[in-house]
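J.: Mind looking over this structure? Questions follow.
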Amino acid sequence: MKTAMPEWISEENGPTSADPSANVTGQAQPVRGVVRPRHVLDVLRLVRRARAKGIPLYPFSTGLNHGYGSRSPVTPDNLLVDLSALQHIRVSTRSRDGAALPVVEIGPGVTQGMLYDFLERHHPEYTFNVTGAARATSIIGNALDRGVGYLGPRKEDLFGLVAVTGEGRLFRSGFRRLRRSPLSHSHPYGLGPMVDGLFFQGNFGLVVSACFRLVPKRPVRVALSLALHRAADLPQFLDELARCKSEGLIGSVTHIANQARTHVSMAYGITRYLETECGFSAEQAERETARALRVVAPGEWTSLGGIFGNAGQVKASVREVRARLGRIARVRVISDESLARDYTVCHAGRRLPLLRANAAAIAAVRPLHGLALGIPTDVAIDNLLWRFGRPQLGAAKLDASDCGLMFINPALPMDGALVTRVVAQLEAVAREYGHTLYITINIETPTSLVAVINLLFQRSDPAATARARQCADALLACLHRHGLELYRARADTMETLIKRDPRYWQTVGELKRVFDPDGIIAPGRYAPAQDWIEARAAGQAA
């Protein structure tokens, strides 16, 4: 039943219902409406009034949390709080010489595209840790949900938070509390307990500002592509790449994709090249794309990572990686210069099938190579829109397409043999439901692996949506049987995860009550809902 809107709420986009078309996961909760504060003071007033009236608030930055629930709350009847208008970008400077520090202060509405364009105009000496998501995705929103960029976990890039807590108070973490101190935008830890960690995958308040680390551009930046010769060598491949990461030979996150993921990532770029540069019809391009993928990406597993430094450092690192992995994988060094050179040659000879396939592959790879160099792109979302028949939509409109997408993202041990067994079992589970899994295994830090697993389905088909839901549940159950857990969760899985370990989540709930005593901020998101906490407390008292 639709709740009447209080007079102080500006219902900009109108209330939405639990219509599966609301986002790509095919699941959504009914909400009260949407309010879009334009200043931090607006957020403070909003939280205080919502607390007084007992209205739950569900904040989002740009709402493009695709595959995890987008802007849909965990529980029904929330008021959506759109923070996208908070778009400030302020560069920190050294007071003595005015030079820019590698830190920016940003609001939740600042997107990857905004920050990239700002830096290119004003501070081209810096780049930052980009993700494969669209240019219009929020940096703070992604970092708070512990997204992983091409240089590592985004959580490591964010510090000095300013948040409006559920009490309606302004909270500043670390040395950000010192306001005008030279430490406020430079020292990431502060003094005392690091309370800002509670706001990562937490629902204690609305983060309205944060400091974000930049990365100085290195003189030489190359991508390293490795194509595994035999699938049977995957355990050794993972272990050796992990050692390269831990020893600093590969500076970026190393992405290891299965063939299905590699092919789906390249298909749109190859098809577009064949249609625009070779004059192929849609039907001809589809057939030619399948042939081209068999030529340029025949392997079961392919990895991509970045090496940065001066010329000597990069040369030495590449030589060492070749020595370690050249026997089991084809090693290719990719740079802007090599891509441009190879494309010129292959494009000129595109009448020949082999050269045409390679020219098309280079056209598809160029945006992916740019990600490793800190250039955000919409190519991943464009691929999905094309696959589901809506290429004319912009990347920010993916939720309006027929694309069905659920992410199942486990944290994994640094053990190639175990990871290989788990992946094989997950693929077997998916086959039982008629699904192919699109898998990327990421070596994110010297000690940790994570996987990003895409489950795709036709959202306009109720049977396909139901089968995908069942498959996703079965995949999660498979991970749990191995003693594993997700590192990032969809909105619809929160209750399942909390029930699995109630003692731990009860402690999280007790901490939440300190910052949000009435439980009005994103109830049920990475924390038990208020009624769950109260029921457990009553049961223990009895």
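Just so we're on the same page: first chain in the structure tokens is A, next is B, and so on; residues restart at 1 for each chain, and ligands are numbered from 1 in the order they show up.
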Tell me, counting only C-alpha atoms, for each residue of range 227-326 of chain A within 6 Å of range 439-450 of chain A, which pair of atoms is nearest and how far apart they are in Å to one decimal, in rows ordered by chain and increasing number, as a tab-separated table.
T.:
residue	atom	partner	partner_atom	distance
A:Lys245	CA	A:Pro446	CA	5.6
A:Ser246	CA	A:Pro446	CA	4.2
A:Val253	CA	A:Glu444	CA	4.9
A:Thr254	CA	A:Ile443	CA	5.1
A:His255	CA	A:Asn442	CA	4.7
A:Ile256	CA	A:Ile441	CA	5.0
A:Ala257	CA	A:Thr440	CA	4.3
A:Asn258	CA	A:Ile439	CA	5.7
A:Arg261	CA	A:Ile439	CA	5.9
J.: According to DSSP computed on the backbone, where in range 461-532 of chain A is there helix (DSSP H, G or I)? Give the residues as a PyMOL selection string.
T.: chain A and resi 462-481+491-500+502-515+530-532
J.: Determine which residues of range 254-373 of chain A receive a DSSP assignment of strand (DSSP E), computed from the backbone, and state them as a VMD selection string.
T.: chain A and resid 254 to 258 301 to 309 329 to 334
J.: Using 10 Å as the limit and counting only C-alpha atoms, can you tabulate each residue of range 385-473 of chain A that touches range 60-84 of chain A, with its shortest atom-to-atom distance in Å and the two atoms involved, as a Markdown table?
T.:
| residue | atom | partner | partner_atom | distance |
| --- | --- | --- | --- | --- |
| A:Ala395 | CA | A:Leu64 | CA | 9.4 |
| A:Ala396 | CA | A:Leu64 | CA | 6.9 |
| A:Lys397 | CA | A:Leu64 | CA | 8.7 |
| A:Leu398 | CA | A:His66 | CA | 7.9 |
| A:Asp399 | CA | A:His66 | CA | 7.6 |
| A:Gly404 | CA | A:Gly67 | CA | 8.2 |
| A:Leu405 | CA | A:Gly67 | CA | 5.2 |
| A:Met406 | CA | A:Gly67 | CA | 4.5 |
| A:Phe407 | CA | A:Gly67 | CA | 5.3 |
| A:Ile408 | CA | A:Gly67 | CA | 8.9 |
| A:Asn454 | CA | A:Gly67 | CA | 8.2 |
| A:Leu455 | CA | A:Gly67 | CA | 8.9 |
| A:Leu456 | CA | A:Gly67 | CA | 9.6 |
J.: Using only C-alpha atoms, which protein or nucleic acid residues come within 9 Å of range 484-489 of chain A? Drop anything in the same chain fewer than 4 positions from it, and give the result as an mmCIF file with N, CA and C atoms, in the first residue's frame.
T.:
data_model
loop_
_atom_site.group_PDB
_atom_site.id
_atom_site.type_symbol
_atom_site.label_atom_id
_atom_site.label_comp_id
_atom_site.auth_asym_id
_atom_site.auth_seq_id
_atom_site.Cartn_x
_atom_site.Cartn_y
_atom_site.Cartn_z
ATOM 1 N N TYR A 68 23.808 -5.211 -8.144
ATOM 2 C CA TYR A 68 23.728 -5.359 -6.687
ATOM 3 C C TYR A 68 22.393 -4.836 -6.132
ATOM 4 N N ASP A 145 31.136 0.643 -0.870
ATOM 5 C CA ASP A 145 30.693 -0.748 -1.012
ATOM 6 C C ASP A 145 31.865 -1.666 -1.310
ATOM 7 N N ARG A 146 33.081 -1.160 -1.124
ATOM 8 C CA ARG A 146 34.325 -1.910 -1.291
ATOM 9 C C ARG A 146 34.495 -2.447 -2.695
ATOM 10 N N GLY A 147 34.228 -1.581 -3.672
ATOM 11 C CA GLY A 147 34.521 -1.944 -5.050
ATOM 12 C C GLY A 147 36.015 -2.051 -5.272
ATOM 13 N N GLN A 201 30.501 -0.438 3.766
ATOM 14 C CA GLN A 201 29.510 -1.509 3.867
ATOM 15 C C GLN A 201 28.805 -1.434 5.225
ATOM 16 N N PHE A 407 25.259 -10.115 -9.637
ATOM 17 C CA PHE A 407 26.644 -10.411 -9.301
ATOM 18 C C PHE A 407 26.697 -11.373 -8.126
ATOM 19 N N ILE A 408 27.576 -12.358 -8.231
ATOM 20 C CA ILE A 408 27.925 -13.239 -7.115
ATOM 21 C C ILE A 408 29.438 -13.102 -6.956
ATOM 22 N N ASN A 409 29.870 -12.390 -5.925
ATOM 23 C CA ASN A 409 31.269 -11.992 -5.809
ATOM 24 C C ASN A 409 31.916 -12.539 -4.543
ATOM 25 N N PRO A 410 32.568 -13.692 -4.624
ATOM 26 C CA PRO A 410 33.188 -14.268 -3.432
ATOM 27 C C PRO A 410 34.600 -13.743 -3.186
ATOM 28 N N ALA A 411 34.956 -13.656 -1.915
ATOM 29 C CA ALA A 411 36.356 -13.538 -1.531
ATOM 30 C C ALA A 411 36.961 -14.941 -1.606
ATOM 31 N N LEU A 412 38.225 -15.037 -2.044
ATOM 32 C CA LEU A 412 38.839 -16.342 -2.276
ATOM 33 C C LEU A 412 40.206 -16.414 -1.598
ATOM 34 N N PRO A 413 40.628 -17.614 -1.228
ATOM 35 C CA PRO A 413 41.963 -17.768 -0.638
ATOM 36 C C PRO A 413 43.044 -17.687 -1.713
ATOM 37 N N VAL A 450 39.683 -12.056 -5.192
ATOM 38 C CA VAL A 450 38.223 -11.989 -5.224
ATOM 39 C C VAL A 450 37.785 -12.392 -6.627
ATOM 40 N N ALA A 451 36.546 -12.798 -6.752
ATOM 41 C CA ALA A 451 35.999 -13.104 -8.072
ATOM 42 C C ALA A 451 34.777 -12.236 -8.325
ATOM 43 N N LEU A 476 25.455 -19.238 -4.228
ATOM 44 C CA LEU A 476 25.818 -18.772 -2.888
ATOM 45 C C LEU A 476 25.920 -19.949 -1.922
ATOM 46 N N CYS A 478 26.702 -22.978 -2.663
ATOM 47 C CA CYS A 478 27.937 -23.695 -3.006
ATOM 48 C C CYS A 478 29.149 -23.040 -2.358
ATOM 49 N N LEU A 479 29.218 -21.721 -2.423
ATOM 50 C CA LEU A 479 30.326 -21.007 -1.777
ATOM 51 C C LEU A 479 30.333 -21.261 -0.278
ATOM 52 N N HIS A 480 29.161 -21.218 0.332
ATOM 53 C CA HIS A 480 29.077 -21.437 1.778
ATOM 54 C C HIS A 480 29.509 -22.848 2.166
ATOM 55 N N THR A 493 20.338 -10.275 -0.921
ATOM 56 C CA THR A 493 20.999 -11.355 -0.171
ATOM 57 C C THR A 493 21.274 -10.990 1.287
ATOM 58 N N MET A 494 20.993 -9.753 1.684
ATOM 59 C CA MET A 494 21.388 -9.298 3.019
ATOM 60 C C MET A 494 20.798 -10.180 4.125
ATOM 61 N N LEU A 497 22.551 -13.578 4.465
ATOM 62 C CA LEU A 497 23.902 -13.475 5.029
ATOM 63 C C LEU A 497 23.859 -13.193 6.526
ATOM 64 N N TYR A 526 23.727 -4.445 5.170
ATOM 65 C CA TYR A 526 24.956 -4.831 5.870
ATOM 66 C C TYR A 526 24.800 -4.681 7.383
#
J.: Find the distance between CA of Ile334 in chain A and CA of Leu224 in chain A and write it in Å to one decimal.
T.: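 Between these atoms lies a distance of 6.1 Å.
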